[in-house]
$ cat data-v9.pdb   # PDB, C-alpha atoms
ATOM      1  CA  MET A 275     -39.625  -4.462 -19.585
ATOM      2  CA  ALA A 276     -36.528  -4.816 -17.389
ATOM      3  CA  TRP A 277     -33.546  -6.622 -18.879
ATOM      4  CA  LYS A 278     -32.903 -10.101 -17.466
ATOM      5  CA  PRO A 279     -29.925 -12.489 -17.815
ATOM      6  CA  SER A 280     -32.295 -14.852 -19.617
ATOM      7  CA  GLN A 281     -32.041 -12.415 -22.536
ATOM      8  CA  ILE A 282     -28.292 -12.992 -22.934
ATOM      9  CA  PRO A 283     -27.726 -14.180 -26.516
ATOM     10  CA  ASP A 284     -26.087 -17.522 -27.146
ATOM     11  CA  GLN A 285     -22.403 -17.098 -26.272
ATOM     12  CA  THR A 286     -21.147 -20.269 -27.948
ATOM     13  CA  GLY A 287     -17.825 -19.606 -29.628
ATOM     14  CA  ARG A 288     -17.090 -16.531 -27.517
ATOM     15  CA  THR A 289     -14.401 -16.312 -24.850
ATOM     16  CA  VAL A 290     -14.602 -14.030 -21.826
ATOM     17  CA  VAL A 291     -11.806 -13.157 -19.403
ATOM     18  CA  ILE A 292     -13.041 -11.990 -16.002
ATOM     19  CA  THR A 293     -10.849 -10.849 -13.126
ATOM     20  CA  GLY A 294     -11.744 -11.619  -9.524
ATOM     21  CA  ALA A 295     -14.100 -14.392 -10.571
ATOM     22  CA  ASN A 296     -13.561 -16.490  -7.446
ATOM     23  CA  GLY A 297     -16.306 -14.873  -5.422
ATOM     24  CA  GLY A 298     -19.350 -12.620  -5.351
ATOM     25  CA  ILE A 299     -20.282 -10.832  -8.551
ATOM     26  CA  GLY A 300     -17.440 -12.415 -10.512
ATOM     27  CA  THR A 301     -18.631 -15.927  -9.737
ATOM     28  CA  GLU A 302     -22.225 -15.055 -10.617
ATOM     29  CA  ALA A 303     -21.164 -13.538 -13.939
ATOM     30  CA  THR A 304     -19.078 -16.617 -14.695
ATOM     31  CA  LYS A 305     -22.041 -18.908 -14.010
ATOM     32  CA  ALA A 306     -24.359 -16.921 -16.273
ATOM     33  CA  LEU A 307     -21.897 -16.688 -19.157
ATOM     34  CA  ALA A 308     -20.916 -20.360 -18.991
ATOM     35  CA  ALA A 309     -24.597 -21.337 -18.934
ATOM     36  CA  LYS A 310     -25.006 -19.472 -22.231
ATOM     37  CA  GLY A 311     -22.141 -21.384 -23.829
ATOM     38  CA  ALA A 312     -19.219 -18.997 -23.370
ATOM     39  CA  THR A 313     -15.708 -20.116 -22.601
ATOM     40  CA  VAL A 314     -14.872 -18.246 -19.401
ATOM     41  CA  ILE A 315     -11.347 -17.686 -18.118
ATOM     42  CA  MET A 316     -11.383 -16.952 -14.407
ATOM     43  CA  ALA A 317      -8.335 -14.730 -13.877
ATOM     44  CA  CYS A 318      -7.743 -14.847 -10.125
ATOM     45  CA  ARG A 319      -5.023 -14.312  -7.560
ATOM     46  CA  SER A 320      -5.971 -17.543  -5.804
ATOM     47  CA  ALA A 321      -6.008 -20.163  -8.543
ATOM     48  CA  GLU A 322      -6.812 -22.931  -6.057
ATOM     49  CA  LYS A 323      -9.912 -21.153  -4.787
ATOM     50  CA  ALA A 324     -10.971 -20.424  -8.370
ATOM     51  CA  LYS A 325     -10.525 -24.055  -9.397
ATOM     52  CA  ALA A 326     -12.805 -25.218  -6.597
ATOM     53  CA  ILE A 327     -15.491 -22.799  -7.786
ATOM     54  CA  ALA A 328     -14.983 -23.622 -11.469
ATOM     55  CA  GLY A 329     -15.485 -27.301 -10.723
ATOM     56  CA  LYS A 330     -18.987 -26.558  -9.430
ATOM     57  CA  ILE A 331     -20.072 -24.341 -12.297
ATOM     58  CA  GLY A 332     -19.822 -26.670 -15.258
ATOM     59  CA  GLY A 333     -19.401 -25.688 -18.870
ATOM     60  CA  ASP A 334     -16.139 -24.515 -20.397
ATOM     61  CA  VAL A 335     -14.683 -22.651 -17.424
ATOM     62  CA  ARG A 336     -10.938 -22.329 -17.092
ATOM     63  CA  VAL A 337      -8.688 -20.849 -14.411
ATOM     64  CA  ALA A 338      -5.588 -18.712 -14.816
ATOM     65  CA  GLN A 339      -3.453 -17.152 -12.108
ATOM     66  CA  LEU A 340      -3.406 -13.348 -12.083
ATOM     67  CA  ASP A 341      -2.284 -11.035  -9.300
ATOM     68  CA  LEU A 342      -3.348  -7.469 -10.092
ATOM     69  CA  ALA A 343      -1.044  -6.213  -7.337
ATOM     70  CA  ASP A 344       2.002  -7.331  -9.321
ATOM     71  CA  LEU A 345       2.868  -6.001 -12.786
ATOM     72  CA  ALA A 346       5.056  -9.043 -13.447
ATOM     73  CA  SER A 347       2.036 -11.308 -12.913
ATOM     74  CA  ILE A 348      -0.075  -9.102 -15.186
ATOM     75  CA  ARG A 349       2.535  -9.269 -17.944
ATOM     76  CA  GLY A 350       2.804 -13.032 -17.576
ATOM     77  CA  PHE A 351      -0.955 -13.472 -17.832
ATOM     78  CA  ALA A 352      -1.163 -11.219 -20.893
ATOM     79  CA  GLU A 353       1.654 -13.064 -22.643
ATOM     80  CA  SER A 354       0.015 -16.451 -22.064
ATOM     81  CA  THR A 355      -3.480 -15.393 -23.178
ATOM     82  CA  GLY A 356      -4.630 -15.806 -26.778
ATOM     83  CA  ASP A 357      -7.261 -13.799 -28.648
ATOM     84  CA  PHE A 358     -10.647 -13.520 -26.963
ATOM     85  CA  ASP A 359     -13.872 -11.501 -27.115
ATOM     86  CA  VAL A 360     -14.616  -9.773 -23.819
ATOM     87  CA  LEU A 361     -12.511  -8.545 -20.912
ATOM     88  CA  ILE A 362     -14.383  -7.904 -17.671
ATOM     89  CA  ASN A 363     -12.360  -5.834 -15.189
ATOM     90  CA  ASN A 364     -14.252  -6.969 -12.105
ATOM     91  CA  ALA A 365     -11.752  -7.616  -9.282
ATOM     92  CA  GLY A 366     -11.479  -5.114  -6.477
ATOM     93  CA  LEU A 367     -10.557  -4.246  -2.906
ATOM     94  CA  MET A 368     -12.521  -1.906  -0.653
ATOM     95  CA  ASN A 369     -11.638   0.204   2.381
ATOM     96  CA  ILE A 370      -8.582  -1.821   3.380
ATOM     97  CA  PRO A 371      -5.775  -0.593   5.666
ATOM     98  CA  PHE A 372      -2.862   1.172   3.991
ATOM     99  CA  SER A 373      -0.425  -1.035   2.131
ATOM    100  CA  ARG A 374       1.504  -1.057  -1.117
ATOM    101  CA  THR A 375       1.588  -3.461  -4.042
ATOM    102  CA  ALA A 376       4.665  -5.310  -5.268
ATOM    103  CA  ASP A 377       5.430  -2.295  -7.447
ATOM    104  CA  GLY A 378       4.949   0.299  -4.703
ATOM    105  CA  PHE A 379       1.452   1.504  -5.572
ATOM    106  CA  GLU A 380      -1.133   2.261  -2.884
ATOM    107  CA  THR A 381      -3.007  -1.026  -2.910
ATOM    108  CA  GLN A 382      -6.601   0.057  -3.537
ATOM    109  CA  PHE A 383      -5.557   2.286  -6.439
ATOM    110  CA  GLY A 384      -2.921  -0.190  -7.559
ATOM    111  CA  VAL A 385      -5.284  -3.170  -7.780
ATOM    112  CA  ASN A 386      -8.612  -1.536  -8.640
ATOM    113  CA  HIS A 387      -7.313   0.850 -11.289
ATOM    114  CA  LEU A 388      -3.647   0.482 -12.213
ATOM    115  CA  GLY A 389      -3.761  -3.313 -12.327
ATOM    116  CA  HIS A 390      -6.746  -3.236 -14.661
ATOM    117  CA  PHE A 391      -5.260  -0.396 -16.702
ATOM    118  CA  ALA A 392      -2.083  -2.389 -17.278
ATOM    119  CA  LEU A 393      -3.998  -5.600 -17.989
ATOM    120  CA  THR A 394      -6.298  -3.912 -20.510
ATOM    121  CA  ALA A 395      -3.438  -2.106 -22.222
ATOM    122  CA  LEU A 396      -1.502  -5.330 -22.681
ATOM    123  CA  LEU A 397      -4.508  -7.344 -23.831
ATOM    124  CA  LEU A 398      -6.120  -4.803 -26.187
ATOM    125  CA  PRO A 399      -4.538  -6.238 -29.351
ATOM    126  CA  LYS A 400      -6.154  -9.584 -28.468
ATOM    127  CA  ILE A 401      -9.674  -8.332 -27.677
ATOM    128  CA  ARG A 402     -12.227  -8.783 -30.456
ATOM    129  CA  ASP A 403     -15.321  -7.152 -28.994
ATOM    130  CA  ARG A 404     -15.389  -5.165 -25.761
ATOM    131  CA  VAL A 405     -14.007  -4.230 -22.350
ATOM    132  CA  VAL A 406     -16.276  -3.899 -19.308
ATOM    133  CA  THR A 407     -14.870  -2.081 -16.280
ATOM    134  CA  VAL A 408     -16.717  -2.210 -12.962
ATOM    135  CA  SER A 409     -16.901   1.098 -11.093
ATOM    136  CA  SER A 410     -19.124   1.890  -8.100
ATOM    137  CA  VAL A 411     -21.705   4.311  -6.740
ATOM    138  CA  ALA A 412     -18.850   5.198  -4.367
ATOM    139  CA  HIS A 413     -17.229   7.188  -7.182
ATOM    140  CA  LYS A 414     -19.674   9.951  -6.246
ATOM    141  CA  GLN A 415     -17.911  10.385  -2.907
ATOM    142  CA  ALA A 416     -14.704  11.558  -4.592
ATOM    143  CA  SER A 417     -14.712  15.353  -4.624
ATOM    144  CA  ARG A 418     -11.471  15.532  -6.605
ATOM    145  CA  LEU A 419      -8.856  13.333  -8.228
ATOM    146  CA  ARG A 420      -5.294  14.101  -7.135
ATOM    147  CA  VAL A 421      -3.478  13.135 -10.316
ATOM    148  CA  ASP A 422      -0.336  14.619  -8.772
ATOM    149  CA  ASP A 423      -0.517  12.184  -5.820
ATOM    150  CA  LEU A 424      -2.501   9.114  -6.810
ATOM    151  CA  ASN A 425      -0.311   6.901  -4.626
ATOM    152  CA  TYR A 426      -0.721   8.777  -1.348
ATOM    153  CA  GLU A 427       2.930   9.721  -1.086
ATOM    154  CA  HIS A 428       2.298  13.294   0.077
ATOM    155  CA  ARG A 429      -1.056  13.178   1.859
ATOM    156  CA  ARG A 430      -2.765  11.338   4.673
ATOM    157  CA  TYR A 431      -4.271   8.018   3.693
ATOM    158  CA  ARG A 432      -7.990   7.636   4.290
ATOM    159  CA  ARG A 433      -9.303   4.249   3.231
ATOM    160  CA  GLY A 434     -12.757   5.431   2.167
ATOM    161  CA  ALA A 435     -11.372   8.294   0.115
ATOM    162  CA  ALA A 436      -8.822   5.960  -1.469
ATOM    163  CA  TYR A 437     -11.568   3.552  -2.498
ATOM    164  CA  SER A 438     -13.684   6.353  -3.979
ATOM    165  CA  GLN A 439     -10.651   7.631  -5.899
ATOM    166  CA  ALA A 440      -9.978   4.167  -7.290
ATOM    167  CA  LYS A 441     -13.583   3.614  -8.417
ATOM    168  CA  LEU A 442     -13.741   7.096  -9.936
ATOM    169  CA  SER A 443     -10.585   6.160 -11.818
ATOM    170  CA  ASN A 444     -12.254   2.965 -13.080
ATOM    171  CA  LEU A 445     -15.098   4.961 -14.607
ATOM    172  CA  MET A 446     -12.841   7.643 -16.041
ATOM    173  CA  PHE A 447     -10.594   4.972 -17.549
ATOM    174  CA  ALA A 448     -13.572   3.230 -19.181
ATOM    175  CA  ARG A 449     -14.657   6.500 -20.750
ATOM    176  CA  GLU A 450     -11.210   7.550 -21.911
ATOM    177  CA  LEU A 451     -10.639   4.105 -23.394
ATOM    178  CA  GLN A 452     -13.912   4.355 -25.318
ATOM    179  CA  ARG A 453     -12.963   7.815 -26.620
ATOM    180  CA  ARG A 454      -9.570   6.586 -27.801
ATOM    181  CA  LEU A 455     -10.976   3.454 -29.398
ATOM    182  CA  ALA A 456     -13.642   5.425 -31.250
ATOM    183  CA  SER A 457     -11.199   8.096 -32.433
ATOM    184  CA  ASN A 458      -8.956   5.352 -33.809
ATOM    185  CA  GLY A 459     -11.817   3.711 -35.673
ATOM    186  CA  SER A 460     -11.641   0.537 -33.586
ATOM    187  CA  GLY A 461     -14.588  -1.824 -33.446
ATOM    188  CA  VAL A 462     -13.779  -2.656 -29.814
ATOM    189  CA  ARG A 463     -15.993  -0.897 -27.270
ATOM    190  CA  SER A 464     -15.415   0.105 -23.648
ATOM    191  CA  TYR A 465     -18.158   0.115 -21.019
ATOM    192  CA  GLY A 466     -18.309   1.503 -17.506
ATOM    193  CA  VAL A 467     -20.797  -0.183 -15.164
ATOM    194  CA  HIS A 468     -21.604  -0.368 -11.481
ATOM    195  CA  PRO A 469     -23.236  -3.219  -9.545
ATOM    196  CA  GLY A 470     -25.221  -1.185  -7.047
ATOM    197  CA  VAL A 471     -24.822  -2.365  -3.460
ATOM    198  CA  SER A 472     -24.380  -6.032  -2.628
ATOM    199  CA  ALA A 473     -23.246  -8.005   0.408
ATOM    200  CA  THR A 474     -20.114  -9.532  -1.112
ATOM    201  CA  GLU A 475     -16.817 -10.339   0.607
ATOM    202  CA  LEU A 476     -15.659  -6.765  -0.058
ATOM    203  CA  PHE A 477     -17.505  -5.816   3.101
ATOM    204  CA  THR A 478     -15.551  -8.218   5.311
ATOM    205  CA  ARG A 479     -11.948  -7.170   4.622
ATOM    206  CA  THR A 480     -11.619  -3.768   6.256
ATOM    207  CA  GLU A 481     -10.053  -5.283   9.412
ATOM    208  CA  THR A 482     -12.391  -3.185  11.565
ATOM    209  CA  PRO A 483     -15.515  -4.030  13.626
ATOM    210  CA  LEU A 484     -17.545  -3.100  10.526
ATOM    211  CA  ASP A 485     -16.608  -6.489   9.088
ATOM    212  CA  LEU A 486     -19.002  -8.071  11.572
ATOM    213  CA  VAL A 487     -22.061  -5.909  10.849
ATOM    214  CA  SER A 488     -21.737  -4.606   7.288
ATOM    215  CA  LYS A 489     -23.100  -7.580   5.362
ATOM    216  CA  PRO A 490     -26.410  -7.875   7.299
ATOM    217  CA  PHE A 491     -27.023  -4.130   6.848
ATOM    218  CA  ILE A 492     -26.089  -4.170   3.161
ATOM    219  CA  ARG A 493     -28.545  -7.016   2.576
ATOM    220  CA  LEU A 494     -31.344  -4.677   3.711
ATOM    221  CA  VAL A 495     -30.593  -1.882   1.233
ATOM    222  CA  GLY A 496     -28.841  -3.730  -1.578
ATOM    223  CA  HIS A 497     -29.391  -6.856  -3.616
ATOM    224  CA  SER A 498     -27.815 -10.266  -4.053
ATOM    225  CA  PRO A 499     -24.538 -10.815  -5.950
ATOM    226  CA  ARG A 500     -26.580 -12.626  -8.614
ATOM    227  CA  HIS A 501     -28.611  -9.485  -9.273
ATOM    228  CA  ALA A 502     -25.592  -7.216  -8.786
ATOM    229  CA  ALA A 503     -23.896  -9.023 -11.690
ATOM    230  CA  GLU A 504     -26.648  -8.053 -14.116
ATOM    231  CA  SER A 505     -25.162  -4.705 -15.185
ATOM    232  CA  THR A 506     -21.852  -6.419 -15.956
ATOM    233  CA  LEU A 507     -23.608  -9.155 -17.923
ATOM    234  CA  PHE A 508     -25.711  -6.621 -19.819
ATOM    235  CA  ALA A 509     -22.676  -4.594 -20.898
ATOM    236  CA  ALA A 510     -20.706  -7.736 -21.735
ATOM    237  CA  THR A 511     -23.342  -9.341 -23.941
ATOM    238  CA  GLU A 512     -26.008  -6.923 -25.177
ATOM    239  CA  PRO A 513     -25.191  -6.311 -28.856
ATOM    240  CA  ASP A 514     -26.633  -2.786 -29.005
ATOM    241  CA  ALA A 515     -25.628  -1.490 -25.564
ATOM    242  CA  ASP A 516     -24.383   2.099 -25.778
ATOM    243  CA  PRO A 517     -20.755   2.306 -24.592
ATOM    244  CA  ASN A 518     -21.210   5.988 -23.757
ATOM    245  CA  THR A 519     -23.822   5.163 -21.115
ATOM    246  CA  TYR A 520     -23.001   4.350 -17.495
ATOM    247  CA  TRP A 521     -24.997   1.165 -16.824
ATOM    248  CA  GLY A 522     -26.162  -0.060 -13.437
ATOM    249  CA  PRO A 523     -29.104  -0.692 -11.100
ATOM    250  CA  THR A 524     -31.586   2.183 -11.181
ATOM    251  CA  TRP A 525     -33.635   1.963  -7.960
ATOM    252  CA  LEU A 526     -33.054   3.365  -4.460
ATOM    253  CA  PHE A 527     -30.210   5.734  -5.343
ATOM    254  CA  GLN A 528     -28.802   3.136  -7.738
ATOM    255  CA  SER A 529     -28.291   0.581  -4.956
ATOM    256  CA  ARG A 530     -30.510  -2.091  -6.510
ATOM    257  CA  GLY A 531     -33.103  -2.766  -9.191
ATOM    258  CA  PRO A 532     -33.178  -3.271 -12.960
ATOM    259  CA  VAL A 533     -30.277  -2.289 -15.199
ATOM    260  CA  GLY A 534     -30.489   1.039 -16.974
ATOM    261  CA  PRO A 535     -28.663   4.316 -17.635
ATOM    262  CA  CYS A 536     -27.312   5.827 -14.413
ATOM    263  CA  PRO A 537     -26.053   9.289 -13.478
ATOM    264  CA  SER A 538     -22.430   9.937 -12.685
ATOM    265  CA  THR A 539     -20.610  12.943 -11.318
ATOM    266  CA  LYS A 540     -19.456  15.950 -13.325
ATOM    267  CA  LEU A 541     -15.936  15.091 -12.201
ATOM    268  CA  SER A 542     -16.151  11.631 -13.773
ATOM    269  CA  ARG A 543     -17.091  13.258 -17.096
ATOM    270  CA  ASN A 544     -14.138  15.665 -17.122
ATOM    271  CA  ALA A 545     -12.407  14.772 -20.399
ATOM    272  CA  GLU A 546      -9.195  16.624 -19.575
ATOM    273  CA  LEU A 547      -8.878  14.847 -16.238
ATOM    274  CA  GLN A 548      -9.573  11.514 -17.947
ATOM    275  CA  ARG A 549      -6.667  12.204 -20.298
ATOM    276  CA  LYS A 550      -4.358  13.153 -17.433
ATOM    277  CA  LEU A 551      -5.283  10.019 -15.486
ATOM    278  CA  TRP A 552      -4.538   7.894 -18.557
ATOM    279  CA  GLU A 553      -1.140   9.521 -19.083
ATOM    280  CA  GLU A 554      -0.211   9.236 -15.411
ATOM    281  CA  SER A 555      -1.285   5.583 -15.416
ATOM    282  CA  GLU A 556       1.024   4.973 -18.359
ATOM    283  CA  ARG A 557       3.861   6.697 -16.525
ATOM    284  CA  LEU A 558       3.349   4.780 -13.282
ATOM    285  CA  THR A 559       3.019   1.354 -14.874
ATOM    286  CA  GLY A 560       5.420   1.880 -17.758
ATOM    287  CA  ILE A 561       2.786   0.347 -20.030
ATOM    288  CA  SER A 562       1.138   2.052 -23.006
ATOM    289  CA  ALA A 563      -1.945   0.794 -24.813
ATOM    290  CA  VAL A 564      -1.678  -0.092 -28.505
ATOM    291  CA  LEU A 565      -5.003   1.011 -29.988
TER     292      LEU A 565
END

$ encode --input "data-v9.pdb" --output "structure tokens"
Amino acid sequence: MAWKPSQIPDQTGRTVVITGANGGIGTEATKALAAKGATVIMACRSAEKAKAIAGKIGGDVRVAQLDLADLASIRGFAESTGDFDVLINNAGLMNIPFSRTADGFETQFGVNHLGHFALTALLLPKIRDRVVTVSSVAHKQASRLRVDDLNYEHRRYRRGAAYSQAKLSNLMFARELQRRLASNGSGVRSYGVHPGVSATELFTRTETPLDLVSKPFIRLVGHSPRHAAESTLFAATEPDADPNTYWGPTWLFQSRGPVGPCPSTKLSRNAELQRKLWEESERLTGISAVL
């Protein structure tokens, strides 16, 4: 029988931090967790937008300002956050024009991967249970990972390739984090998940004519944000979920359907490349994880 959010155990007494919770999958995950009794901290760049959403959800939902494009904001959030149970690295940008973050990182890589890497590294000593990092089926489009030029300083920027690189990095980070946690005897677990394909606001920010037609098309092949959140919710709450499994929708080339084990590329499973990405992420951010 397919897993359903109704199977989420009682979350009373547990606290979850979720990035990018002010829309799409993040909002749906917040609703489901709060309904099960969790305290949810919506960590969002736009606190005002998040507050408006939180006010409609009910339950113990709180808002904190966090800009993943700014290491100073990430440090401030980490310093002001107490111990909690689950970190969900959900926020993301997709196929946007070239730009750089406050710290000079290519924005898709800087927000999707480096921002979450830095956040997780700083928060690890405060996490009691697990980390869930949202990747994408788009990771399969990355034919290589240029660890020597992650910030597009020496090659032509292509928005689709940059997005695939960032989501590949999300999955590789989740796996390397799990390896390091396990080797250090930690009880904290790290999960990599993907949401399939869903018509969220990600498809309206490319600043191209595709913004006008993408969402109607995606609705035909994908599923709703509520269903797209199920893999995240499963990994965040299922007591016996295997952290070494890539969880996501399993139908129609993993674009929709019930949550289950999903395939990932050989590149994403390259342990040596995972290690190199981790070390380069530490170098770029100046932040090292305390495991």

$ residues_around --input "data-v9.pdb" --residues "segment 389-398 of chain A" --least-positions-apart "3" --cutoff "8 Å" --atoms "only C-alpha atoms" --output "PDB file with C-alpha atoms, keeping the file's coordinate frame"
ATOM      1  CA  LEU A 342      -3.348  -7.469 -10.092  1.00  0.00           C
ATOM      2  CA  ALA A 343      -1.044  -6.213  -7.337  1.00  0.00           C
ATOM      3  CA  ASP A 344       2.002  -7.331  -9.321  1.00  0.00           C
ATOM      4  CA  LEU A 345       2.868  -6.001 -12.786  1.00  0.00           C
ATOM      5  CA  ILE A 348      -0.075  -9.102 -15.186  1.00  0.00           C
ATOM      6  CA  ARG A 349       2.535  -9.269 -17.944  1.00  0.00           C
ATOM      7  CA  ALA A 352      -1.163 -11.219 -20.893  1.00  0.00           C
ATOM      8  CA  LEU A 361     -12.511  -8.545 -20.912  1.00  0.00           C
ATOM      9  CA  ASN A 363     -12.360  -5.834 -15.189  1.00  0.00           C
ATOM     10  CA  GLY A 384      -2.921  -0.190  -7.559  1.00  0.00           C
ATOM     11  CA  VAL A 385      -5.284  -3.170  -7.780  1.00  0.00           C
ATOM     12  CA  ASN A 386      -8.612  -1.536  -8.640  1.00  0.00           C
ATOM     13  CA  ILE A 401      -9.674  -8.332 -27.677  1.00  0.00           C
ATOM     14  CA  VAL A 405     -14.007  -4.230 -22.350  1.00  0.00           C
ATOM     15  CA  PHE A 447     -10.594   4.972 -17.549  1.00  0.00           C
ATOM     16  CA  SER A 555      -1.285   5.583 -15.416  1.00  0.00           C
ATOM     17  CA  THR A 559       3.019   1.354 -14.874  1.00  0.00           C
ATOM     18  CA  ILE A 561       2.786   0.347 -20.030  1.00  0.00           C
ATOM     19  CA  SER A 562       1.138   2.052 -23.006  1.00  0.00           C
ATOM     20  CA  ALA A 563      -1.945   0.794 -24.813  1.00  0.00           C
ATOM     21  CA  VAL A 564      -1.678  -0.092 -28.505  1.00  0.00           C
ATOM     22  CA  LEU A 565      -5.003   1.011 -29.988  1.00  0.00           C
TER      23      LEU A 565
END

$ resolve_selection --input "data-v9.pdb" --expression "the PyMOL selection byres ((chain A and resi 462) around 9)" --output "PDB file with C-alpha atoms, in the coordinates of the input"
ATOM      1  CA  LEU A 398      -6.120  -4.803 -26.187  1.00  0.00           C
ATOM      2  CA  ILE A 401      -9.674  -8.332 -27.677  1.00  0.00           C
ATOM      3  CA  ARG A 402     -12.227  -8.783 -30.456  1.00  0.00           C
ATOM      4  CA  ASP A 403     -15.321  -7.152 -28.994  1.00  0.00           C
ATOM      5  CA  ARG A 404     -15.389  -5.165 -25.761  1.00  0.00           C
ATOM      6  CA  VAL A 405     -14.007  -4.230 -22.350  1.00  0.00           C
ATOM      7  CA  GLN A 452     -13.912   4.355 -25.318  1.00  0.00           C
ATOM      8  CA  LEU A 455     -10.976   3.454 -29.398  1.00  0.00           C
ATOM      9  CA  ALA A 456     -13.642   5.425 -31.250  1.00  0.00           C
ATOM     10  CA  GLY A 459     -11.817   3.711 -35.673  1.00  0.00           C
ATOM     11  CA  SER A 460     -11.641   0.537 -33.586  1.00  0.00           C
ATOM     12  CA  GLY A 461     -14.588  -1.824 -33.446  1.00  0.00           C
ATOM     13  CA  ARG A 463     -15.993  -0.897 -27.270  1.00  0.00           C
ATOM     14  CA  SER A 464     -15.415   0.105 -23.648  1.00  0.00           C
TER      15      SER A 464
END

$ closest_residue --input "data-v9.pdb" --among "A:Trp277, A:Leu419, A:Asp284, A:Lys330" --to "Ala515 of chain A" --atoms "all atoms listed in the file"
A:Trp277

$ closest_residue --input "data-v9.pdb" --among "A:Tyr520, A:Ser457, A:Lys540, A:Ala308" --to "Phe508 of chain A" --atoms "all atoms listed in the file"
A:Tyr520

$ resolve_selection --input "data-v9.pdb" --expression "the PyMOL selection byres ((chain A and resi 334-339) around 12)" --output "PyMOL selection string"
chain A and resi 285-296+301+303-333+340-342+344+346-352+354-355

$ resolve_selection --input "data-v9.pdb" --expression "the PyMOL selection byres ((chain A and resi 379) around 10)" --output "PyMOL selection string"
chain A and resi 343-344+373-378+380-385+388-389+424-427+558-559

$ closest_residue --input "data-v9.pdb" --among "A:Arg549, A:Arg557, A:Lys278, A:His497" --to "Ser529 of chain A" --atoms "all atoms listed in the file"
A:His497

$ axis_aligned_box --input "data-v9.pdb" --around "segment 546-554 of chain A" --padding-each-side "4 Å" --output "AutoDock Vina command-line options"
--center_x -4.9 --center_y 12.3 --center_z -17.9 --size_x 17.4 --size_y 16.7 --size_z 12.9

$ closest_residue --input "data-v9.pdb" --among "A:Ser505, A:Gln281, A:Ser417, A:Asn458" --to "Val533 of chain A" --atoms "all atoms listed in the file"
A:Ser505

$ atom_distance --input "data-v9.pdb" --atom1 "atom CA of Asp357 of chain A" --atom2 "atom CA of Ile299 of chain A"
24.1 Å

$ decode --input "data-v9.pdb" --residues "segment 390-394 of chain A" --atoms "all heavy atoms" --output "compact mmCIF listing (two decimals), in the first residue's frame"
# COMPACT_ATOMS: atom_id res chain seq x y z
N HIS A 390 22.44 25.94 1.65
CA HIS A 390 22.00 24.83 2.49
C HIS A 390 23.17 24.10 3.13
O HIS A 390 23.06 23.61 4.26
CB HIS A 390 21.14 23.87 1.66
CG HIS A 390 19.75 24.37 1.43
ND1 HIS A 390 19.20 24.49 0.17
CD2 HIS A 390 18.80 24.82 2.31
CE1 HIS A 390 17.96 24.95 0.29
NE2 HIS A 390 17.70 25.16 1.57
N PHE A 391 24.29 24.01 2.42
CA PHE A 391 25.48 23.40 3.02
C PHE A 391 25.90 24.19 4.25
O PHE A 391 26.13 23.61 5.33
CB PHE A 391 26.62 23.37 2.00
CG PHE A 391 27.92 22.89 2.58
CD1 PHE A 391 28.23 21.55 2.60
CD2 PHE A 391 28.84 23.78 3.13
CE1 PHE A 391 29.43 21.09 3.16
CE2 PHE A 391 30.03 23.35 3.70
CZ PHE A 391 30.32 21.99 3.71
N ALA A 392 26.00 25.50 4.10
CA ALA A 392 26.42 26.34 5.22
C ALA A 392 25.41 26.27 6.37
O ALA A 392 25.79 26.16 7.55
CB ALA A 392 26.58 27.78 4.75
N LEU A 393 24.13 26.33 6.04
CA LEU A 393 23.09 26.27 7.06
C LEU A 393 23.16 24.96 7.85
O LEU A 393 23.13 24.95 9.09
CB LEU A 393 21.72 26.41 6.41
CG LEU A 393 20.51 26.37 7.36
CD1 LEU A 393 20.48 27.61 8.24
CD2 LEU A 393 19.21 26.23 6.56
N THR A 394 23.26 23.85 7.12
CA THR A 394 23.32 22.54 7.76
C THR A 394 24.56 22.41 8.64
O THR A 394 24.49 21.92 9.77
CB THR A 394 23.30 21.42 6.71
OG1 THR A 394 22.15 21.58 5.86
CG2 THR A 394 23.25 20.05 7.37
